[in-house]
$ cat work-v7.tsv   # TSV, C-alpha atoms and all ligand atoms
chain	number	residue	atom	x	y	z
Y	1	MET	CA	-76.92	98.94	33.97
Y	2	ASN	CA	-77.92	95.69	35.60
Y	3	ARG	CA	-76.77	93.24	32.99
Y	4	ALA	CA	-79.10	90.46	34.07
Y	5	LEU	CA	-82.08	92.78	33.80
Y	6	PHE	CA	-80.88	93.94	30.42
Y	7	LEU	CA	-80.72	90.34	29.26
Y	8	ALA	CA	-84.24	89.65	30.47
Y	9	GLY	CA	-85.49	92.75	28.70
Y	10	THR	CA	-83.81	91.80	25.46
Y	11	LEU	CA	-85.22	88.30	25.53
Y	12	SER	CA	-88.65	89.66	26.31
Y	13	ALA	CA	-88.45	92.16	23.46
Y	14	LEU	CA	-87.85	89.26	21.11
Y	15	GLY	CA	-90.84	87.39	22.47
Y	16	VAL	CA	-88.60	84.78	24.05
Y	17	SER	CA	-89.49	84.59	27.68
Y	18	ARG	CA	-87.51	82.55	30.15
Y	19	GLY	CA	-90.60	80.53	31.00
Y	20	ARG	CA	-91.33	79.69	27.41
Y	21	ALA	CA	-87.77	78.71	26.69
Y	22	ALA	CA	-87.77	76.38	29.67
Y	23	ALA	CA	-91.25	75.00	29.12
Y	24	THR	CA	-90.90	73.86	25.52
Y	25	GLY	CA	-87.82	71.72	25.92
Y	26	GLY	CA	-88.22	68.08	25.08
Y	27	ARG	CA	-91.84	68.20	23.97
Y	28	GLU	CA	-91.53	68.72	20.26
Y	29	PRO	CA	-91.24	65.73	17.97
Y	30	CYS	CA	-87.98	65.53	16.17
Y	31	ASN	CA	-87.24	64.27	12.69
Y	32	ALA	CA	-83.74	63.12	13.48
Y	33	SER	CA	-83.03	59.93	11.61
Y	34	PRO	CA	-81.09	58.13	12.80
Y	35	GLY	CA	-81.30	59.51	16.33
Y	36	PRO	CA	-78.45	61.05	18.26
Y	37	ALA	CA	-77.54	57.76	19.91
Y	38	ALA	CA	-76.44	56.34	16.57
Y	39	ALA	CA	-72.86	56.39	15.37
Y	40	ILE	CA	-71.29	59.26	13.51
Y	41	ARG	CA	-68.51	58.91	10.93
Y	42	VAL	CA	-65.77	61.51	11.19
Y	43	LEU	CA	-63.22	61.92	8.40
Y	44	LEU	CA	-59.78	62.28	10.01
Y	45	GLY	CA	-57.68	62.31	6.84
Y	46	ARG	CA	-54.51	60.41	6.00
Y	47	GLY	CA	-52.30	59.01	8.69
Y	48	LEU	CA	-50.98	55.90	10.39
Y	49	VAL	CA	-53.60	53.94	12.32
Y	50	THR	CA	-52.53	51.81	15.27
Y	51	ALA	CA	-55.01	49.56	17.05
Y	52	LEU	CA	-55.22	50.07	20.81
Y	53	ASP	CA	-58.29	48.19	22.02
Y	54	ALA	CA	-61.94	47.63	21.07
Y	55	GLN	CA	-62.93	51.16	22.06
Y	56	SER	CA	-60.04	53.28	20.81
Y	57	PHE	CA	-57.21	53.60	18.31
Y	58	ARG	CA	-54.26	55.80	17.60
Y	59	PHE	CA	-54.21	57.96	14.46
Y	60	GLY	CA	-50.91	59.73	13.89
Y	61	THR	CA	-49.91	61.01	17.31
Y	62	ARG	CA	-53.44	61.23	18.77
Y	63	THR	CA	-55.81	58.81	20.42
Y	64	TYR	CA	-59.43	58.52	19.32
Y	65	ARG	CA	-62.50	56.84	20.70
Y	66	GLY	CA	-64.37	54.46	18.39
Y	67	SER	CA	-63.08	52.34	15.54
Y	68	ALA	CA	-61.05	53.29	12.48
Y	69	GLN	CA	-62.30	52.58	8.98
Y	70	THR	CA	-60.14	53.03	5.91
Y	71	LEU	CA	-61.86	54.37	2.83
Y	72	ALA	CA	-60.98	53.40	-0.73
Y	73	ASP	CA	-58.84	56.51	-1.14
Y	74	GLY	CA	-56.75	55.60	1.91
Y	75	THR	CA	-58.22	58.17	4.28
Y	76	THR	CA	-59.33	57.19	7.76
Y	77	VAL	CA	-62.79	57.61	9.26
Y	78	ASP	CA	-63.46	57.45	12.98
Y	79	VAL	CA	-66.76	55.67	13.66
Y	80	LEU	CA	-68.03	56.37	17.16
Y	81	ASP	CA	-71.16	57.32	19.03
Y	82	LEU	CA	-72.23	60.93	18.72
Y	83	GLU	CA	-71.79	61.83	22.39
Y	84	SER	CA	-68.20	60.52	22.41
Y	85	TYR	CA	-67.51	62.57	19.28
Y	86	LEU	CA	-68.76	65.69	21.07
Y	87	TYR	CA	-66.30	65.10	23.92
Y	88	GLY	CA	-63.56	65.82	21.38
Y	89	VAL	CA	-65.35	68.73	19.67
Y	90	VAL	CA	-66.53	71.10	22.39
Y	91	PRO	CA	-63.06	71.75	23.92
Y	92	LEU	CA	-61.73	72.74	20.50
Y	93	GLU	CA	-64.69	74.95	19.62
Y	94	MET	CA	-64.97	76.87	22.91
Y	95	PRO	CA	-62.46	77.53	25.73
Y	96	ARG	CA	-63.16	75.13	28.59
Y	97	SER	CA	-62.76	77.94	31.13
Y	98	TRP	CA	-65.93	79.64	29.85
Y	99	PRO	CA	-69.24	79.51	31.78
Y	100	SER	CA	-70.77	76.05	31.99
Y	101	GLU	CA	-74.07	77.19	30.44
Y	102	ALA	CA	-72.18	78.59	27.44
Y	103	LEU	CA	-70.33	75.28	27.12
Y	104	MET	CA	-73.66	73.46	27.31
Y	105	ALA	CA	-75.12	75.68	24.58
Y	106	GLN	CA	-72.03	74.88	22.50
Y	107	ALA	CA	-72.50	71.16	23.12
Y	108	ILE	CA	-76.14	71.30	22.01
Y	109	LEU	CA	-75.15	73.24	18.91
Y	110	ALA	CA	-72.31	70.87	18.03
Y	111	ARG	CA	-74.68	67.90	18.47
Y	112	THR	CA	-77.33	69.56	16.31
Y	113	PHE	CA	-74.83	70.45	13.60
Y	114	ALA	CA	-73.41	66.93	13.43
Y	115	THR	CA	-76.83	65.28	13.49
Y	116	ALA	CA	-78.00	67.42	10.59
Y	117	LYS	CA	-74.85	66.50	8.65
Y	118	ARG	CA	-75.48	62.76	8.77
Y	119	ASP	CA	-75.66	61.46	5.25
Y	120	ALA	CA	-75.76	57.73	4.57
Y	121	ALA	CA	-75.06	58.38	0.89
Y	122	ARG	CA	-71.56	59.59	1.70
Y	123	PRO	CA	-68.66	57.58	3.19
Y	124	TYR	CA	-68.49	59.95	6.19
Y	125	ASP	CA	-70.76	62.48	7.90
Y	126	VAL	CA	-68.42	65.25	9.08
Y	127	VAL	CA	-64.84	66.32	8.60
Y	128	ALA	CA	-62.62	66.70	11.68
Y	129	SER	CA	-61.75	70.31	10.93
Y	130	GLN	CA	-63.29	73.73	11.16
Y	131	SER	CA	-64.81	73.26	7.73
Y	132	ASP	CA	-67.34	71.29	9.80
Y	133	GLN	CA	-66.28	71.19	13.46
Y	134	ALA	CA	-62.84	70.87	14.98
Y	135	TYR	CA	-62.40	67.42	16.54
Y	136	GLY	CA	-59.36	66.32	18.51
Y	137	GLY	CA	-60.35	62.88	19.75
Y	138	ARG	CA	-59.75	61.63	23.27
Y	139	ASP	CA	-56.57	63.66	23.74
Y	140	ALA	CA	-58.56	66.89	23.38
Y	141	GLU	CA	-61.06	66.06	26.14
Y	142	PHE	CA	-61.36	67.96	29.41
Y	143	PRO	CA	-63.68	67.37	32.37
Y	144	GLU	CA	-65.47	70.75	31.99
Y	145	THR	CA	-66.41	70.17	28.36
Y	146	THR	CA	-67.22	66.51	28.87
Y	147	ALA	CA	-69.60	67.59	31.65
Y	148	ALA	CA	-71.27	70.04	29.25
Y	149	VAL	CA	-71.86	67.20	26.79
Y	150	ASP	CA	-73.15	64.85	29.51
Y	151	ARG	CA	-75.49	67.45	31.02
Y	152	THR	CA	-77.10	68.06	27.61
Y	153	ARG	CA	-77.01	64.46	26.44
Y	154	GLY	CA	-79.16	63.83	23.36
Y	155	THR	CA	-80.60	67.34	23.17
Y	156	LEU	CA	-80.89	69.20	19.88
Y	157	VAL	CA	-82.06	72.57	18.58
Y	158	ALA	CA	-85.32	72.11	16.67
Y	159	TYR	CA	-87.70	74.29	14.74
Y	160	GLY	CA	-91.19	73.27	13.70
Y	161	GLY	CA	-90.55	69.68	14.71
Y	162	ALA	CA	-87.41	69.28	12.60
Y	163	ILE	CA	-83.74	69.59	13.45
Y	164	ALA	CA	-82.65	73.19	13.02
Y	165	THR	CA	-79.88	74.23	10.68
Y	166	VAL	CA	-77.44	75.82	13.09
Y	167	SER	CA	-74.25	77.76	12.79
Y	168	TYR	CA	-71.91	79.53	15.18
Y	169	MET	CA	-68.92	81.84	15.12
Y	170	SER	CA	-66.52	83.51	17.47
Y	171	CYS	CA	-67.75	87.11	17.46
Y	172	CYS	CA	-70.59	88.69	15.49
Y	173	GLY	CA	-69.42	92.26	16.08
Y	174	GLY	CA	-72.73	93.51	17.45
Y	175	HIS	CA	-75.36	91.97	15.18
Y	176	THR	CA	-75.60	88.43	13.87
Y	177	GLU	CA	-76.12	87.98	10.16
Y	178	SER	CA	-79.10	86.58	8.30
Y	179	ALA	CA	-78.30	83.24	6.68
Y	180	ALA	CA	-80.03	84.37	3.49
Y	181	ASP	CA	-77.84	87.48	3.28
Y	182	ALA	CA	-74.68	85.52	4.01
Y	183	TRP	CA	-75.25	82.49	1.85
Y	184	GLY	CA	-78.25	83.20	-0.35
Y	185	GLY	CA	-81.27	80.94	-0.54
Y	186	ARG	CA	-84.55	81.32	1.24
Y	187	ALA	CA	-84.90	83.20	4.51
Y	188	VAL	CA	-84.68	80.98	7.60
Y	189	PRO	CA	-86.92	82.43	10.35
Y	190	TYR	CA	-84.58	81.58	13.23
Y	191	LEU	CA	-81.48	82.71	11.30
Y	192	ALA	CA	-82.65	86.23	10.49
Y	193	GLY	CA	-80.01	87.92	12.67
Y	194	VAL	CA	-80.30	89.50	16.12
Y	195	ALA	CA	-78.69	92.50	17.78
Y	196	CYS	CA	-75.95	91.17	20.07
Y	197	PRO	CA	-74.58	93.66	22.60
Y	198	TYR	CA	-72.70	90.89	24.41
Y	199	CYS	CA	-69.47	90.26	22.49
Y	200	MET	CA	-67.64	93.53	23.09
Y	201	GLN	CA	-64.96	91.78	25.17
Y	202	SER	CA	-63.88	89.71	22.21
Y	203	PRO	CA	-60.53	90.70	20.69
Y	204	GLU	CA	-62.35	90.43	17.36
Y	205	PHE	CA	-65.04	92.96	18.31
Y	206	ARG	CA	-63.10	95.80	16.72
Y	207	TRP	CA	-60.43	95.31	14.10
Y	208	GLU	CA	-58.44	97.46	11.73
Y	209	ARG	CA	-56.36	96.33	8.78
Y	210	THR	CA	-54.36	98.28	6.20
Y	211	VAL	CA	-53.67	97.26	2.61
Y	212	THR	CA	-52.17	99.16	-0.29
Y	213	TRP	CA	-54.26	100.59	-3.09
Y	214	ARG	CA	-52.03	98.52	-5.37
Y	215	ASP	CA	-53.32	95.35	-3.66
Y	216	VAL	CA	-56.89	96.33	-4.52
Y	217	VAL	CA	-56.09	97.28	-8.11
Y	218	ASN	CA	-54.22	94.02	-8.60
Y	219	ALA	CA	-57.20	92.08	-7.24
Y	220	PHE	CA	-59.59	93.73	-9.71
Y	221	PRO	CA	-57.42	94.61	-12.72
Y	222	GLU	CA	-60.26	94.95	-15.21
Y	223	ASP	CA	-62.42	97.13	-12.96
Y	224	PHE	CA	-59.60	99.56	-12.20
Y	225	SER	CA	-57.69	99.47	-15.50
Y	226	ASP	CA	-58.65	103.07	-16.42
Y	227	PHE	CA	-59.94	104.23	-13.04
Y	228	GLY	CA	-57.41	106.99	-12.49
Y	229	PRO	CA	-56.67	108.49	-9.08
Y	230	LEU	CA	-58.58	107.35	-6.00
Y	231	ALA	CA	-60.16	109.95	-3.72
Y	232	GLN	CA	-62.12	107.89	-1.20
Y	233	ILE	CA	-63.82	104.58	-0.47
Y	234	ALA	CA	-67.14	104.33	1.31
Y	235	VAL	CA	-69.45	101.54	2.40
Y	236	GLY	CA	-72.29	101.53	-0.13
Y	237	GLU	CA	-75.37	99.37	0.26
Y	238	THR	CA	-75.73	97.46	3.52
Y	239	ASP	CA	-77.97	94.60	4.59
Y	240	ALA	CA	-80.30	94.57	7.60
Y	241	SER	CA	-77.47	93.65	9.98
Y	242	GLY	CA	-75.35	96.56	8.79
Y	243	ARG	CA	-72.94	94.40	6.80
Y	244	ALA	CA	-71.64	95.88	3.59
Y	245	ARG	CA	-73.10	94.64	0.35
Y	246	THR	CA	-71.11	97.04	-1.79
Y	247	LEU	CA	-68.05	99.26	-1.49
Y	248	HIS	CA	-68.02	102.54	-3.38
Y	249	PHE	CA	-64.69	103.63	-4.88
Y	250	GLN	CA	-64.71	107.32	-5.74
Y	251	GLY	CA	-62.16	109.18	-7.82
Y	252	PRO	CA	-62.17	112.59	-9.43
Y	253	GLU	CA	-62.63	111.00	-12.82
Y	254	ARG	CA	-64.64	107.83	-12.20
Y	255	SER	CA	-66.44	105.87	-9.54
Y	256	ILE	CA	-67.23	102.20	-9.23
Y	257	ASP	CA	-69.19	99.93	-6.86
Y	258	LEU	CA	-67.86	96.46	-6.13
Y	259	PRO	CA	-69.59	93.67	-4.19
Y	260	ALA	CA	-68.17	93.71	-0.67
Y	261	LYS	CA	-68.01	89.91	-0.63
Y	262	ALA	CA	-65.82	89.95	-3.74
Y	263	VAL	CA	-63.47	92.47	-2.12
Y	264	ARG	CA	-63.29	90.34	1.05
Y	265	ASN	CA	-62.59	87.20	-0.96
Y	266	ALA	CA	-59.93	88.95	-3.03
Y	267	LEU	CA	-58.08	90.59	-0.13
Y	268	GLY	CA	-58.63	87.59	2.12
Y	269	PRO	CA	-60.63	86.96	5.31
Y	270	SER	CA	-57.58	87.73	7.44
Y	271	VAL	CA	-57.61	91.28	6.05
Y	272	VAL	CA	-61.33	91.99	5.66
Y	273	ARG	CA	-62.26	90.01	8.76
Y	274	SER	CA	-65.99	90.54	8.36
Y	275	LEU	CA	-68.37	92.58	6.24
Y	276	LEU	CA	-69.45	94.62	9.26
Y	277	ILE	CA	-67.28	97.47	8.03
Y	278	HIS	CA	-67.49	100.82	9.81
Y	279	SER	CA	-65.09	102.92	7.78
Y	280	VAL	CA	-62.54	102.80	5.02
Y	281	ARG	CA	-59.82	105.46	5.08
Y	282	VAL	CA	-57.55	106.35	2.20
Y	283	ASN	CA	-54.14	107.56	3.32
Y	284	GLY	CA	-50.96	108.87	1.67
Y	285	SER	CA	-50.09	110.19	-1.74
Y	286	GLN	CA	-51.48	108.76	-4.97
Y	287	ALA	CA	-48.16	107.10	-5.68
Y	288	ASP	CA	-48.21	105.27	-2.36
Y	289	LEU	CA	-51.83	105.04	-1.23
Y	290	THR	CA	-52.86	102.80	1.63
Y	291	ILE	CA	-56.37	101.83	2.65
Y	292	THR	CA	-57.30	101.25	6.27
Y	293	ILE	CA	-60.46	99.25	6.90
Y	294	GLU	CA	-62.17	99.28	10.31
Y	295	GLY	CA	-64.82	96.76	11.21
Y	296	SER	CA	-66.35	94.47	13.82
Y	297	GLY	CA	-66.58	90.74	14.31
Y	298	ARG	CA	-65.08	87.91	12.38
Y	299	GLY	CA	-66.42	85.62	9.72
Y	300	HIS	CA	-69.94	85.16	8.40
Y	301	GLY	CA	-71.72	86.19	11.59
Y	302	VAL	CA	-74.56	83.65	11.21
Y	303	GLY	CA	-76.02	81.90	14.26
Y	304	LEU	CA	-74.67	81.82	17.80
Y	305	CYS	CA	-72.02	84.37	18.75
Y	306	GLN	CA	-69.68	82.49	21.08
Y	307	TRP	CA	-68.35	85.58	22.86
Y	308	GLY	CA	-71.93	86.70	23.30
Y	309	ALA	CA	-72.81	83.31	24.75
Y	310	LYS	CA	-69.91	83.69	27.17
Y	311	THR	CA	-71.28	87.01	28.44
Y	312	LEU	CA	-74.83	85.66	28.63
Y	313	GLY	CA	-73.61	82.63	30.57
Y	314	SER	CA	-71.67	84.88	32.94
Y	315	ASN	CA	-74.83	86.95	33.46
Y	316	GLY	CA	-76.80	83.91	34.55
Y	317	ALA	CA	-78.52	82.84	31.33
Y	318	THR	CA	-79.08	79.11	30.88
Y	319	ALA	CA	-77.98	77.21	27.80
Y	320	ARG	CA	-81.60	77.12	26.62
Y	321	GLU	CA	-81.91	80.89	27.03
Y	322	ILE	CA	-78.68	81.47	25.15
Y	323	LEU	CA	-79.87	79.32	22.27
Y	324	ALA	CA	-83.34	80.90	22.28
Y	325	PHE	CA	-81.70	84.32	22.03
Y	326	TYR	CA	-79.57	83.49	18.99
Y	327	PHE	CA	-82.11	81.16	17.32
Y	328	PRO	CA	-85.49	82.83	18.02
Y	329	GLY	CA	-88.48	80.53	17.81
Y	330	THR	CA	-86.49	77.31	18.17
Y	331	ASN	CA	-86.76	74.91	21.05
Y	332	ILE	CA	-84.65	72.17	22.56
Y	333	THR	CA	-85.70	68.58	21.98
Y	334	ASN	CA	-84.43	65.25	23.19
Y	335	GLY	CA	-84.02	63.88	19.71
Y	401	ZN	ZN	-72.01	89.00	19.22
$ encode --input "work-v7.tsv" --output "C-alpha cells"
Amino acid sequence: MNRALFLAGTLSALGVSRGRAAATGGREPCNASPGPAAAIRVLLGRGLVTALDAQSFRFGTRTYRGSAQTLADGTTVDVLDLESYLYGVVPLEMPRSWPSEALMAQAILARTFATAKRDAARPYDVVASQSDQAYGGRDAEFPETTAAVDRTRGTLVAYGGAIATVSYMSCCGGHTESAADAWGGRAVPYLAGVACPYCMQSPEFRWERTVTWRDVVNAFPEDFSDFGPLAQIAVGETDASGRARTLHFQGPERSIDLPAKAVRNALGPSVVRSLLIHSVRVNGSQADLTITIEGSGRGHGVGLCQWGAKTLGSNGATAREILAFYFPGTNITNG
C-alpha cells in the first residue's frame, strides 16, 4: 500500500483535509493569557544553585537558561521565556533523530501544554519531570530540536478559539484513548480517540508480561478470599477504543469482575503497560498458576501518539497534519 495515499485517505475520512489544516493556521483568536512570549516558571527541585551570568545558572551538575528563584521551601524554580524552556523539553520528549515535522508537532504540543499550565496562583507553572514534561535545561539542547522550536515559534493547538488541552504518549497501540474514558469528566471533542495504524514499529506496540496468580490474590485479598480455584481470565467490558474496563475472573465455583484500572494500578504500570489488553492466559497447576497478559501500547493512550507521529512525518505529513490527525477539529494559532 502507498503509505502517503493511505495517510491522505485517513485524514479525509476524518474530515481533516490537508487544505483545511493548512488554511486555518494562525487565524483563530486565542485566549492565551499571558501569551507565549511571557516567562514560564519551571520547578527544578532541590539542589545547589551557582550563578553563571545574567542569562543562565548552574543547578546541580546542569546548566539552565533563565534565572533561578528559591521558594520558601528551599526548592529552585527556573524562570525563563517559554521558547527557551522548550529548547530543553523537546529533546527529552522525542528522539532528535526523528523526522523534523514530528519534532515540530512535538514542539507545538509542548508549548501548548506548558501555556495551558500557567497558573499565577501557584509558585511555579510546570514541574521539570515527566509528571508534566521532562526538561533538561541548556545541556539537553540539540540543533535539530532547537530548530523544531524555532520553526514553530509561538504556535499553539487551539479549539474553538481557546488553547486546547493536549496530551501525548509514546505509543497508543493502535487506537488513541478518549480523555473521558481515561480520566473521567466531560467528553472533549478533539480527545475522543482515533484509530492509529502508524505506531507498529514501536517496541511498545506489542507487549507481554507474566505475573503469578498469587500476586493478583495478594493485590485484592478481600475479593479473592473465598474465590477457590481459577479457571480463566478474560477481558470483560471494553470502551470505544478497545481498552479494558473490566477483567472477568472465572473459576469453577465463583466468578468476579474487577475494574481493569484497579488491576493495572495494583500490579503496576510496568506489568500492565496499558489497558489495551488482547488476551490473558492462565498457565500451570493451581498450586503454581501464572498469568500472562498480552497487550498493545503504553500508558493512558490519550492525545498524540509519538511513534505514530514519527511514521506520519516519515510519510511526508506536516506538523499541522500530524496534529490535525490526533486532535481532530483543532487548529494551530499564533497565540
Ligand atoms: Zn499509535
$ closest_residue --input "work-v7.tsv" --among "Y:Arg41, Y:Arg320, Y:His300, Y:Arg245" --to "Met169 of chain Y" --atoms "all atoms listed in the file"
Y:His300
$ residues_near_point --input "work-v7.tsv" --point "(-63.0, 68.3, 24.4)" --cutoff "9 Å" --atoms "all atoms listed in the file" --output "compact mmCIF listing (two decimals) with C-alpha atoms, in the frame of the given file"
# COMPACT_ATOMS: atom_id res chain seq x y z
CA TYR Y 85 -67.51 62.57 19.28
CA LEU Y 86 -68.76 65.69 21.07
CA TYR Y 87 -66.30 65.10 23.92
CA GLY Y 88 -63.56 65.82 21.38
CA VAL Y 89 -65.35 68.73 19.67
CA VAL Y 90 -66.53 71.10 22.39
CA PRO Y 91 -63.06 71.75 23.92
CA LEU Y 92 -61.73 72.74 20.50
CA GLU Y 93 -64.69 74.95 19.62
CA MET Y 94 -64.97 76.87 22.91
CA ARG Y 96 -63.16 75.13 28.59
CA TYR Y 135 -62.40 67.42 16.54
CA GLY Y 136 -59.36 66.32 18.51
CA GLY Y 137 -60.35 62.88 19.75
CA ARG Y 138 -59.75 61.63 23.27
CA ASP Y 139 -56.57 63.66 23.74
CA ALA Y 140 -58.56 66.89 23.38
CA GLU Y 141 -61.06 66.06 26.14
CA PHE Y 142 -61.36 67.96 29.41
CA PRO Y 143 -63.68 67.37 32.37
CA GLU Y 144 -65.47 70.75 31.99
CA THR Y 145 -66.41 70.17 28.36
CA THR Y 146 -67.22 66.51 28.87
$ residues_near_ligand --input "work-v7.tsv" --ligand "ligand ZN 401 (chain Y)" --cutoff "8 Å" --atoms "all atoms listed in the file" --output "PyMOL selection string"
chain Y and resi 170-176+195-200+297+304-309
$ write_last_selection --input "work-v7.tsv" --atoms "C-alpha atoms" --output "PDB file, in the coordinates of the input"
ATOM      1  CA  SER Y 170     -66.520  83.510  17.470  1.00  0.00           C
ATOM      2  CA  CYS Y 171     -67.750  87.110  17.460  1.00  0.00           C
ATOM      3  CA  CYS Y 172     -70.590  88.690  15.490  1.00  0.00           C
ATOM      4  CA  GLY Y 173     -69.420  92.260  16.080  1.00  0.00           C
ATOM      5  CA  GLY Y 174     -72.730  93.510  17.450  1.00  0.00           C
ATOM      6  CA  HIS Y 175     -75.360  91.970  15.180  1.00  0.00           C
ATOM      7  CA  THR Y 176     -75.600  88.430  13.870  1.00  0.00           C
ATOM      8  CA  ALA Y 195     -78.690  92.500  17.780  1.00  0.00           C
ATOM      9  CA  CYS Y 196     -75.950  91.170  20.070  1.00  0.00           C
ATOM     10  CA  PRO Y 197     -74.580  93.660  22.600  1.00  0.00           C
ATOM     11  CA  TYR Y 198     -72.700  90.890  24.410  1.00  0.00           C
ATOM     12  CA  CYS Y 199     -69.470  90.260  22.490  1.00  0.00           C
ATOM     13  CA  MET Y 200     -67.640  93.530  23.090  1.00  0.00           C
ATOM     14  CA  GLY Y 297     -66.580  90.740  14.310  1.00  0.00           C
ATOM     15  CA  LEU Y 304     -74.670  81.820  17.800  1.00  0.00           C
ATOM     16  CA  CYS Y 305     -72.020  84.370  18.750  1.00  0.00           C
ATOM     17  CA  GLN Y 306     -69.680  82.490  21.080  1.00  0.00           C
ATOM     18  CA  TRP Y 307     -68.350  85.580  22.860  1.00  0.00           C
ATOM     19  CA  GLY Y 308     -71.930  86.700  23.300  1.00  0.00           C
ATOM     20  CA  ALA Y 309     -72.810  83.310  24.750  1.00  0.00           C
TER      21      ALA Y 309
END
$ closest_residue --input "work-v7.tsv" --among "Y:Tyr190, Y:Glu222, Y:Ala107, Y:His248" --to "Thr155 of chain Y" --atoms "only C-alpha atoms"
Y:Ala107
$ residues_around --input "work-v7.tsv" --residues "Thr290 of chain Y" --least-positions-apart "3" --cutoff "10 Å" --atoms "only C-alpha atoms" --output "list in words"
Thr210, Val211, Thr212, Trp213, Arg214, Asp215, Val216, Arg281, Val282, Asn283, Gly284, Ser285, Gln286, Ala287 and Ile293 of chain Y
$ atom_distance --input "work-v7.tsv" --atom1 "atom CA of Glu294 of chain Y" --atom2 "atom CA of Glu177 of chain Y"
18.0 Å
$ atom_distance --input "work-v7.tsv" --atom1 "atom CA of Ser274 of chain Y" --atom2 "atom CA of Val126 of chain Y"
25.4 Å
$ residues_around --input "work-v7.tsv" --residues "segment 253-267 of chain Y" --least-positions-apart "6" --cutoff "10 Å" --atoms "all atoms listed in the file" --output "JSON, numbers by chain"
{"Y": [182, 211, 215, 216, 218, 219, 220, 223, 224, 226, 227, 228, 229, 230, 231, 232, 233, 234, 235, 236, 237, 238, 243, 244, 245, 246, 247, 273, 274, 275, 277]}
$ closest_residue --input "work-v7.tsv" --among "Y:Leu276, Y:Leu191, Y:Arg62, Y:Met104" --to "Phe325 of chain Y" --atoms "all atoms listed in the file"
Y:Leu191
$ atom_distance --input "work-v7.tsv" --atom1 "atom CA of Gln55 of chain Y" --atom2 "atom CA of Val42 of chain Y"
15.3 Å
$ closest_residue --input "work-v7.tsv" --among "Y:Arg46, Y:Arg206, Y:Arg111, Y:Arg298" --to "Asn334 of chain Y" --atoms "all atoms listed in the file"
Y:Arg111
$ residues_around --input "work-v7.tsv" --residues "Trp207 of chain Y" --least-positions-apart "3" --cutoff "7 Å" --atoms "all atoms listed in the file" --output "list in words"
Glu204, Glu294, Gly295 and Ser296 of chain Y
$ closest_residue --input "work-v7.tsv" --among "Y:Ser167, Y:Ser129, Y:Ser97, Y:Ala147" --to "Ala110 of chain Y" --atoms "all atoms listed in the file"
Y:Ser167
$ residues_near_point --input "work-v7.tsv" --point "(-56.1, 47.3, 17.4)" --cutoff "12 Å" --atoms "all atoms listed in the file" --output "MDAnalysis selection string"
chainID Y and resid 49:59 63:69
$ build_atoms --input "work-v7.tsv" --residues "segment 79-90 of chain Y" --atoms "N, CA and C atoms" --output "PDB file, keeping the file's coordinate frame"
ATOM      1  N   VAL Y  79     -65.352  56.004  13.469  1.00  0.00           N
ATOM      2  CA  VAL Y  79     -66.760  55.670  13.660  1.00  0.00           C
ATOM      3  C   VAL Y  79     -67.003  55.526  15.159  1.00  0.00           C
ATOM      4  N   LEU Y  80     -67.812  56.391  15.706  1.00  0.00           N
ATOM      5  CA  LEU Y  80     -68.030  56.370  17.160  1.00  0.00           C
ATOM      6  C   LEU Y  80     -69.400  56.949  17.480  1.00  0.00           C
ATOM      7  N   ASP Y  81     -69.839  56.782  18.687  1.00  0.00           N
ATOM      8  CA  ASP Y  81     -71.160  57.320  19.030  1.00  0.00           C
ATOM      9  C   ASP Y  81     -71.074  58.844  19.132  1.00  0.00           C
ATOM     10  N   LEU Y  82     -72.198  59.476  18.858  1.00  0.00           N
ATOM     11  CA  LEU Y  82     -72.230  60.930  18.720  1.00  0.00           C
ATOM     12  C   LEU Y  82     -71.747  61.638  19.985  1.00  0.00           C
ATOM     13  N   GLU Y  83     -72.154  61.147  21.153  1.00  0.00           N
ATOM     14  CA  GLU Y  83     -71.790  61.830  22.390  1.00  0.00           C
ATOM     15  C   GLU Y  83     -70.267  61.765  22.619  1.00  0.00           C
ATOM     16  N   SER Y  84     -69.656  60.635  22.268  1.00  0.00           N
ATOM     17  CA  SER Y  84     -68.200  60.520  22.410  1.00  0.00           C
ATOM     18  C   SER Y  84     -67.491  61.463  21.445  1.00  0.00           C
ATOM     19  N   TYR Y  85     -68.058  61.603  20.256  1.00  0.00           N
ATOM     20  CA  TYR Y  85     -67.510  62.570  19.280  1.00  0.00           C
ATOM     21  C   TYR Y  85     -67.527  63.980  19.880  1.00  0.00           C
ATOM     22  N   LEU Y  86     -68.627  64.335  20.512  1.00  0.00           N
ATOM     23  CA  LEU Y  86     -68.760  65.690  21.070  1.00  0.00           C
ATOM     24  C   LEU Y  86     -67.744  65.966  22.169  1.00  0.00           C
ATOM     25  N   TYR Y  87     -67.354  64.915  22.893  1.00  0.00           N
ATOM     26  CA  TYR Y  87     -66.300  65.100  23.920  1.00  0.00           C
ATOM     27  C   TYR Y  87     -65.041  65.698  23.303  1.00  0.00           C
ATOM     28  N   GLY Y  88     -64.771  65.339  22.040  1.00  0.00           N
ATOM     29  CA  GLY Y  88     -63.560  65.820  21.380  1.00  0.00           C
ATOM     30  C   GLY Y  88     -63.777  67.059  20.524  1.00  0.00           C
ATOM     31  N   VAL Y  89     -65.035  67.536  20.461  1.00  0.00           N
ATOM     32  CA  VAL Y  89     -65.350  68.730  19.670  1.00  0.00           C
ATOM     33  C   VAL Y  89     -65.432  69.979  20.547  1.00  0.00           C
ATOM     34  N   VAL Y  90     -66.231  69.892  21.595  1.00  0.00           N
ATOM     35  CA  VAL Y  90     -66.530  71.100  22.390  1.00  0.00           C
ATOM     36  C   VAL Y  90     -65.263  71.789  22.907  1.00  0.00           C
TER      37      VAL Y  90
END
